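Asker: Here you go, this is protein-v4.txt (compact mmCIF, C-alpha atoms).
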# COMPACT_ATOMS: atom_id res chain seq x y z
CA MET P 1 0.00 0.00 0.00
CA ASN P 2 1.23 3.46 -0.83
CA SER P 3 2.82 5.15 2.20
CA ASN P 4 0.87 8.37 1.59
CA ILE P 5 -2.69 7.41 0.71
CA LEU P 6 -3.95 10.90 1.50
CA GLN P 7 -1.81 12.51 -1.17
CA ASP P 8 -3.00 9.98 -3.73
CA ILE P 9 -6.63 10.76 -2.83
CA ILE P 10 -6.12 14.53 -3.05
CA ASP P 11 -4.28 14.28 -6.38
CA ASN P 12 -7.17 12.24 -7.77
CA LYS P 13 -9.70 14.67 -6.31
CA ARG P 14 -8.03 17.60 -8.07
CA ARG P 15 -8.24 15.72 -11.37
CA GLU P 16 -11.92 14.97 -10.81
CA ILE P 17 -12.78 18.61 -10.07
CA ALA P 18 -10.73 19.88 -13.01
CA ALA P 19 -12.66 17.51 -15.29
CA LEU P 20 -16.01 18.69 -13.92
CA ASN P 21 -15.06 22.34 -14.27
CA ALA P 22 -13.89 21.72 -17.83
CA LYS P 23 -17.38 20.48 -18.70
CA GLY P 24 -18.87 23.74 -17.50
CA SER P 25 -21.14 24.55 -14.56
CA ASN P 26 -24.57 24.50 -16.20
CA ARG P 27 -25.86 21.61 -14.08
CA LEU P 28 -24.60 23.20 -10.87
CA THR P 29 -26.16 26.54 -11.79
CA GLU P 30 -29.45 24.85 -12.64
CA LEU P 31 -29.61 23.11 -9.27
CA MET P 32 -28.66 26.24 -7.33
CA SER P 33 -32.17 27.61 -7.74
CA HIS P 34 -33.36 24.98 -5.25
CA ILE P 35 -30.65 25.52 -2.69
CA PHE P 36 -32.58 27.47 -0.06
CA LEU P 37 -35.92 25.68 -0.31
CA ASN P 38 -35.36 23.35 2.66
CA PRO P 39 -32.98 24.54 5.38
CA PRO P 40 -30.98 21.55 6.68
CA ALA P 41 -31.19 20.30 10.24
CA SER P 42 -28.40 21.17 12.66
CA MET P 43 -25.96 18.32 13.17
CA LYS P 44 -24.42 20.05 16.17
CA ALA P 45 -27.80 20.30 17.92
CA ALA P 46 -28.71 16.72 17.04
CA ILE P 47 -25.50 15.41 18.60
CA LYS P 48 -26.01 17.46 21.75
CA GLU P 49 -29.61 16.26 22.10
CA SER P 50 -28.92 12.62 21.31
CA ASP P 51 -28.44 9.92 23.92
CA SER P 52 -25.82 8.13 21.80
CA GLY P 53 -24.06 11.01 20.04
CA ILE P 54 -23.22 8.59 17.24
CA ILE P 55 -22.75 9.75 13.67
CA ALA P 56 -23.28 6.46 11.84
CA GLU P 57 -21.38 6.30 8.59
CA PHE P 58 -22.35 4.83 5.24
CA LYS P 59 -19.44 3.62 3.12
CA ARG P 60 -18.81 0.67 0.86
CA ARG P 61 -15.04 0.43 0.96
CA SER P 62 -11.88 2.18 2.17
CA PRO P 63 -8.21 2.33 1.15
CA SER P 64 -7.20 0.50 4.34
CA LYS P 65 -9.85 -2.25 4.45
CA GLY P 66 -10.74 -2.64 0.79
CA GLU P 67 -14.31 -3.80 0.21
CA ILE P 68 -16.37 -3.46 3.39
CA HIS P 69 -19.97 -3.71 2.18
CA PRO P 70 -19.76 -3.33 -1.62
CA LEU P 71 -23.45 -3.86 -2.34
CA ALA P 72 -24.69 -1.61 0.46
CA LEU P 73 -27.90 0.28 -0.33
CA VAL P 74 -28.52 3.75 1.07
CA ASN P 75 -32.29 3.30 1.19
CA GLU P 76 -31.90 0.24 3.43
CA ILE P 77 -29.06 1.26 5.73
CA ILE P 78 -29.71 4.95 6.43
CA PRO P 79 -33.31 4.41 7.66
CA ALA P 80 -32.06 1.48 9.75
CA TYR P 81 -29.45 3.75 11.33
CA GLU P 82 -32.17 6.27 12.19
CA ALA P 83 -34.40 3.59 13.69
CA ALA P 84 -31.49 2.25 15.75
CA GLY P 85 -30.83 5.61 17.41
CA ALA P 86 -28.13 7.40 15.41
CA ALA P 87 -27.82 11.12 16.08
CA ALA P 88 -26.76 11.82 12.49
CA CYS P 89 -25.34 10.06 9.47
CA SER P 90 -22.15 10.50 7.49
CA VAL P 91 -22.23 9.64 3.79
CA LEU P 92 -19.02 9.02 1.84
CA THR P 93 -19.27 10.64 -1.58
CA ASP P 94 -15.79 9.83 -2.90
CA ALA P 95 -16.10 7.26 -5.68
CA ALA P 96 -12.54 6.18 -6.46
CA TYR P 97 -11.43 5.22 -2.95
CA PHE P 98 -14.65 4.73 -0.98
CA GLY P 99 -17.23 3.60 -3.53
CA GLY P 100 -19.52 6.54 -2.84
CA ALA P 101 -21.36 9.11 -4.93
CA LEU P 102 -23.31 12.33 -4.59
CA SER P 103 -26.37 10.31 -5.52
CA ASP P 104 -25.90 8.40 -2.25
CA LEU P 105 -26.13 11.68 -0.36
CA ALA P 106 -29.22 12.74 -2.31
CA LEU P 107 -30.94 9.42 -1.65
CA ALA P 108 -30.00 9.57 2.03
CA ALA P 109 -31.65 12.99 2.27
CA GLU P 110 -34.86 11.45 0.93
CA CYS P 111 -34.70 8.51 3.36
CA THR P 112 -34.12 10.19 6.70
CA GLN P 113 -34.83 13.23 8.84
CA LEU P 114 -31.40 12.95 10.45
CA PRO P 115 -28.73 15.55 9.69
CA LEU P 116 -26.28 14.37 7.04
CA LEU P 117 -22.56 14.99 6.81
CA ARG P 118 -20.99 15.05 3.37
CA LYS P 119 -17.82 13.03 4.01
CA ASP P 120 -15.32 13.77 1.29
CA PHE P 121 -11.99 15.46 0.67
CA ILE P 122 -13.18 19.01 0.08
CA ILE P 123 -10.66 21.20 -1.70
CA ASP P 124 -12.88 23.38 -3.89
CA GLU P 125 -15.94 25.61 -3.44
CA ARG P 126 -17.81 23.53 -5.99
CA GLN P 127 -17.93 20.61 -3.56
CA ILE P 128 -19.53 22.81 -0.91
CA TYR P 129 -22.31 23.90 -3.25
CA GLU P 130 -22.79 20.26 -4.25
CA ALA P 131 -23.08 19.25 -0.59
CA ARG P 132 -25.90 21.73 0.00
CA ILE P 133 -27.69 20.92 -3.23
CA PHE P 134 -27.66 17.17 -2.57
CA GLY P 135 -28.94 17.40 1.00
CA ALA P 136 -26.06 17.78 3.45
CA SER P 137 -26.48 19.51 6.78
CA ALA P 138 -22.73 19.73 7.30
CA ILE P 139 -19.45 19.32 5.49
CA LEU P 140 -16.11 17.90 6.59
CA LEU P 141 -13.03 20.09 6.27
CA ILE P 142 -9.74 18.27 6.80
CA ALA P 143 -7.02 20.50 8.26
CA ALA P 144 -4.26 18.28 6.85
CA VAL P 145 -5.18 19.12 3.26
CA LEU P 146 -6.26 22.76 3.59
CA SER P 147 -4.59 26.03 4.46
CA PHE P 148 -5.85 28.28 7.26
CA ASP P 149 -7.21 30.69 4.65
CA GLU P 150 -9.04 27.90 2.81
CA ILE P 151 -10.61 26.64 6.04
CA THR P 152 -11.77 30.16 6.86
CA ARG P 153 -13.16 30.74 3.37
CA PHE P 154 -14.85 27.36 3.06
CA THR P 155 -16.42 27.69 6.52
CA SER P 156 -17.83 31.09 5.61
CA LEU P 157 -19.33 29.70 2.39
CA ALA P 158 -20.85 26.70 4.18
CA HIS P 159 -22.48 29.02 6.71
CA LYS P 160 -23.85 31.25 3.93
CA LEU P 161 -25.44 28.16 2.42
CA GLY P 162 -27.01 27.17 5.75
CA MET P 163 -24.66 24.29 6.57
CA GLU P 164 -22.39 23.57 9.51
CA VAL P 165 -18.71 22.62 9.46
CA LEU P 166 -16.94 19.72 11.10
CA LEU P 167 -13.26 20.68 11.15
CA GLU P 168 -11.08 17.60 11.36
CA LEU P 169 -7.73 17.60 13.18
CA HIS P 170 -5.26 14.77 13.61
CA THR P 171 -1.98 16.16 14.94
CA THR P 172 -0.84 18.99 17.20
CA ALA P 173 0.31 20.80 14.05
CA ASP P 174 -3.32 20.85 12.87
CA LEU P 175 -4.27 22.88 15.95
CA ASP P 176 -2.77 25.93 14.24
CA LYS P 177 -5.60 25.69 11.70
CA PHE P 178 -8.40 25.72 14.26
CA ILE P 179 -10.88 28.55 13.76
CA PRO P 180 -13.53 29.46 16.33
CA GLU P 181 -16.12 29.73 13.56
CA ALA P 182 -16.09 25.95 13.11
CA ASP P 183 -19.31 24.44 14.49
CA MET P 184 -17.69 21.17 15.52
CA VAL P 185 -14.14 19.87 15.78
CA GLY P 186 -13.36 16.27 15.01
CA ILE P 187 -10.23 14.47 16.07
CA ASN P 188 -9.48 11.72 13.59
CA ASN P 189 -7.85 8.72 15.20
CA ARG P 190 -6.86 7.50 11.73
CA ASP P 191 -3.50 8.56 10.32
CA LEU P 192 -4.49 9.69 6.83
CA THR P 193 -1.09 8.88 5.37
CA SER P 194 -1.10 5.24 6.51
CA PHE P 195 -4.79 4.82 7.55
CA LYS P 196 -3.81 3.15 10.84
CA THR P 197 -6.01 4.01 13.85
CA ASP P 198 -5.25 4.82 17.48
CA THR P 199 -7.98 6.26 19.73
CA ASN P 200 -5.34 7.63 22.08
CA ILE P 201 -4.89 10.43 19.55
CA SER P 202 -8.29 11.81 20.57
CA LEU P 203 -7.39 11.57 24.24
CA ARG P 204 -4.13 13.43 23.69
CA LEU P 205 -5.55 16.30 21.63
CA ILE P 206 -8.84 17.02 23.39
CA SER P 207 -7.20 19.07 26.14
CA GLU P 208 -5.89 21.45 23.47
CA LEU P 209 -9.39 22.37 22.28
CA PRO P 210 -11.64 25.11 23.66
CA ALA P 211 -13.96 23.81 26.38
CA ASP P 212 -17.13 25.07 24.68
CA ILE P 213 -16.56 23.58 21.21
CA THR P 214 -18.55 20.49 20.20
CA LYS P 215 -16.02 17.68 20.01
CA ILE P 216 -16.28 14.60 17.80
CA ALA P 217 -14.06 11.53 18.04
CA GLU P 218 -13.63 9.92 14.62
CA SER P 219 -12.50 6.47 13.48
CA GLY P 220 -11.24 3.39 15.27
CA ILE P 221 -14.04 3.27 17.87
CA SER P 222 -14.68 -0.45 18.05
CA SER P 223 -16.60 -0.99 21.30
CA PRO P 224 -19.11 0.68 23.64
CA LYS P 225 -16.40 0.66 26.31
CA GLU P 226 -14.14 2.73 24.08
CA LEU P 227 -16.97 5.18 23.40
CA ARG P 228 -17.60 5.55 27.14
CA ARG P 229 -13.92 6.29 27.71
CA LEU P 230 -13.99 9.00 25.04
CA ARG P 231 -17.22 10.47 26.43
CA GLU P 232 -15.71 10.65 29.90
CA ALA P 233 -12.76 12.52 28.37
CA GLY P 234 -15.15 15.18 27.05
CA PHE P 235 -16.28 14.12 23.59
CA ASP P 236 -19.85 14.91 22.55
CA GLY P 237 -20.09 12.84 19.38
CA PHE P 238 -18.58 9.75 17.81
CA LEU P 239 -18.23 9.07 14.10
CA ILE P 240 -18.30 5.31 13.53
CA GLY P 241 -18.43 3.52 10.19
CA GLU P 242 -16.53 0.29 9.66
CA ARG P 243 -17.73 -1.15 12.98
CA PHE P 244 -21.26 -1.16 11.55
CA MET P 245 -20.73 -1.37 7.80
CA SER P 246 -18.69 -4.55 8.10
CA ARG P 247 -21.81 -6.36 9.34
CA GLN P 248 -24.55 -7.78 7.15
CA PHE P 249 -27.12 -5.51 8.80
CA PRO P 250 -25.43 -2.25 9.88
CA GLY P 251 -28.56 -0.92 11.55
CA ASN P 252 -28.76 -3.96 13.83
CA ALA P 253 -25.06 -3.60 14.61
CA LEU P 254 -25.63 0.02 15.64
CA LYS P 255 -28.58 -0.95 17.83
CA GLU P 256 -26.52 -3.62 19.61
CA PHE P 257 -23.69 -1.12 20.05
CA ILE P 258 -25.97 1.53 21.58
CA ASN P 259 -27.50 -1.06 23.92
CA GLY P 260 -24.00 -1.76 25.20
CA ILE P 261 -23.09 1.83 26.03
Have the structure of the file written as structure tokens, please.
Answerer:
Amino acid sequence: MNSNILQDIIDNKRREIAALNAKGSNRLTELMSHIFLNPPASMKAAIKESDSGIIAEFKRRSPSKGEIHPLALVNEIIPAYEAAGAAACSVLTDAAYFGGALSDLALAAECTQLPLLRKDFIIDERQIYEARIFGASAILLIAAVLSFDEITRFTSLAHKLGMEVLLELHTTADLDKFIPEADMVGINNRDLTSFKTDTNISLRLISELPADITKIAESGISSPKELRRLREAGFDGFLIGERFMSRQFPGNALKEFINGI
């Protein structure tokens, strides 16, 4: 496996966006007329109000695990997540590395009342407009791939479009890119260059964050006991995907998980 998966993903993402922009923006412009018809639900509020705080993720594969649930259907799994007690859902929209699509996000928006996070590697304003058009309540901004100015600009645009921002950090160096305007801060326990996970990363970095920010622990949370440990450390929400998606019925897996908290 390539030693820097993240760079491969970002290089591919730039090619994808360049190709879309080369085709023109007629479709994006056409869809923009619908952008403010239905204000999205607040993911931050949903997490705070939820008993579980779990953002249940929909993804078919990953660079580290390969195929996880290749035939997964949004219209089966997202409603099952809602019924099981998820606070919100994360939908992978990257096709090349995660088997996702914007159509998955759009279908998820039709299937649930839960807030939806567009989980992708956002490097261009176009992706933020797409997120809003296709039903996202929030977008993920990854500090490791963005400059401070880009994070500031993208957050401002997301807010103008009625969405929230989950700003993802992984190292102490990423703390320099924290902005108070972010609605939520996620600490990713997965090293995005190697895709290895270690939940101690969350425990180390949480003390560096402002006390009043909504904090999300991401990746590598494999048991209710681990979630309880992170909650006791001060985390409000928990983004979990592979733990559920690796099962035949992800919704049932989430329900069992919540019952064990």
Asker: Select, from P:Gln127, P:Ser42, P:Gln248, P:Thr193, the residue with the minimum atom-to-atom distance to P:Ile9, counting all atoms listed in the file.
Answerer: P:Thr193
Asker: Using all atoms listed in the file, what does the table of stretch 138-201 of chain P residues within 7 Å of stretch 218-236 of chain P look like, with each row giving the shortest atom pair and its distance in Å to one decimal, sorted by chain and ascending number, as a Markdown table?
Answerer:
| residue | atom | partner | partner_atom | distance |
| --- | --- | --- | --- | --- |
| P:Gly186 | CA | P:Glu218 | CA | 6.4 |
| P:Ile187 | CA | P:Glu218 | CA | 5.9 |
| P:Asn188 | CA | P:Glu218 | CA | 4.6 |
| P:Asn189 | CA | P:Ser219 | CA | 5.4 |
| P:Arg190 | CA | P:Ser219 | CA | 6.0 |
| P:Thr197 | CA | P:Gly220 | CA | 5.5 |
| P:Asp198 | CA | P:Gly220 | CA | 6.5 |
| P:Thr199 | CA | P:Gly220 | CA | 6.2 |
Asker: Point out the residue among P:Gly237, P:Gly162, P:Pro115, P:Gly85 with the least atom-to-atom distance to P:Ala253, counting all atoms listed in the file.
Answerer: P:Gly85
Asker: So how far away is atom CA of P:Asp11 from atom CA of P:Phe178, in Å?
Answerer: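 According to the coordinates, atom CA of P:Phe178 and atom CA of P:Asp11 are separated by 24.0 Å.
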Asker: Go ahead and compute the interatomic distance for atom CA of P:Asp212 and atom CA of P:Leu141, in Å to one decimal.
Answerer: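 Separation between atom CA of P:Asp212 and atom CA of P:Leu141: 19.5 Å.
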Asker: Would you work out the distance separating atom CA of P:Ile258 from atom CA of P:Thr214, expressed in Å to one decimal?
Answerer: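 The value is 20.4 Å.
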Asker: Name the closest residue to P:Ile261 among the candidates P:Ala46, P:Leu73, P:Leu239, P:Ile54; distances are taken between atoms, counting all atoms listed in the file.
Answerer: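 Nearest to P:Ile261: P:Ile54.
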Asker: Between P:Asp176, P:Glu168, P:Glu67, P:Glu82, single out the one closest to P:Asp191, counting all atoms listed in the file.
Answerer: P:Glu168
Asker: Name the residues, using the chain letters and numbers of the file, that sit within 10 Å of (-21.2, 17.5, 9.5) when counting all atoms listed in the file, and give them as a PDB file with C-alpha atoms, in the frame of the given file.
Answerer:
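Saved file selection27.pdb follows:
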ATOM      1  CA  SER P  42     -28.400  21.170  12.660  1.00  0.00           C
ATOM      2  CA  MET P  43     -25.960  18.320  13.170  1.00  0.00           C
ATOM      3  CA  LYS P  44     -24.420  20.050  16.170  1.00  0.00           C
ATOM      4  CA  ILE P  55     -22.750   9.750  13.670  1.00  0.00           C
ATOM      5  CA  ALA P  88     -26.760  11.820  12.490  1.00  0.00           C
ATOM      6  CA  CYS P  89     -25.340  10.060   9.470  1.00  0.00           C
ATOM      7  CA  SER P  90     -22.150  10.500   7.490  1.00  0.00           C
ATOM      8  CA  VAL P  91     -22.230   9.640   3.790  1.00  0.00           C
ATOM      9  CA  PRO P 115     -28.730  15.550   9.690  1.00  0.00           C
ATOM     10  CA  LEU P 116     -26.280  14.370   7.040  1.00  0.00           C
ATOM     11  CA  LEU P 117     -22.560  14.990   6.810  1.00  0.00           C
ATOM     12  CA  ARG P 118     -20.990  15.050   3.370  1.00  0.00           C
ATOM     13  CA  LYS P 119     -17.820  13.030   4.010  1.00  0.00           C
ATOM     14  CA  ALA P 136     -26.060  17.780   3.450  1.00  0.00           C
ATOM     15  CA  SER P 137     -26.480  19.510   6.780  1.00  0.00           C
ATOM     16  CA  ALA P 138     -22.730  19.730   7.300  1.00  0.00           C
ATOM     17  CA  ILE P 139     -19.450  19.320   5.490  1.00  0.00           C
ATOM     18  CA  LEU P 140     -16.110  17.900   6.590  1.00  0.00           C
ATOM     19  CA  LEU P 141     -13.030  20.090   6.270  1.00  0.00           C
ATOM     20  CA  MET P 163     -24.660  24.290   6.570  1.00  0.00           C
ATOM     21  CA  GLU P 164     -22.390  23.570   9.510  1.00  0.00           C
ATOM     22  CA  VAL P 165     -18.710  22.620   9.460  1.00  0.00           C
ATOM     23  CA  LEU P 166     -16.940  19.720  11.100  1.00  0.00           C
ATOM     24  CA  LEU P 167     -13.260  20.680  11.150  1.00  0.00           C
ATOM     25  CA  ASP P 183     -19.310  24.440  14.490  1.00  0.00           C
ATOM     26  CA  MET P 184     -17.690  21.170  15.520  1.00  0.00           C
ATOM     27  CA  VAL P 185     -14.140  19.870  15.780  1.00  0.00           C
ATOM     28  CA  GLY P 186     -13.360  16.270  15.010  1.00  0.00           C
TER      29      GLY P 186
END
Asker: Find the residue from P:Lys23, P:Lys65, P:Arg60, P:Lys177 that sits nearest to P:Ser194; use only C-alpha atoms when measuring.
Answerer: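 Closest residue, counting only C-alpha atoms: P:Lys65.
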Asker: Nearest to P:Asp124 among P:Asn252, P:Asn21, P:Asn200, P:Gln7, with distances taken over only C-alpha atoms: which residue is it?
Answerer: P:Asn21
Asker: Do a neighbour search on P:Ala80 at 12 Å with only C-alpha atoms, toss out local chain neighbours closer than 5 positions, and write the hits as a PyMOL selection string.
Answerer: chain P and resi 56-58+73-75+85-86+88-89+108+111-112+114+244-245+249-255
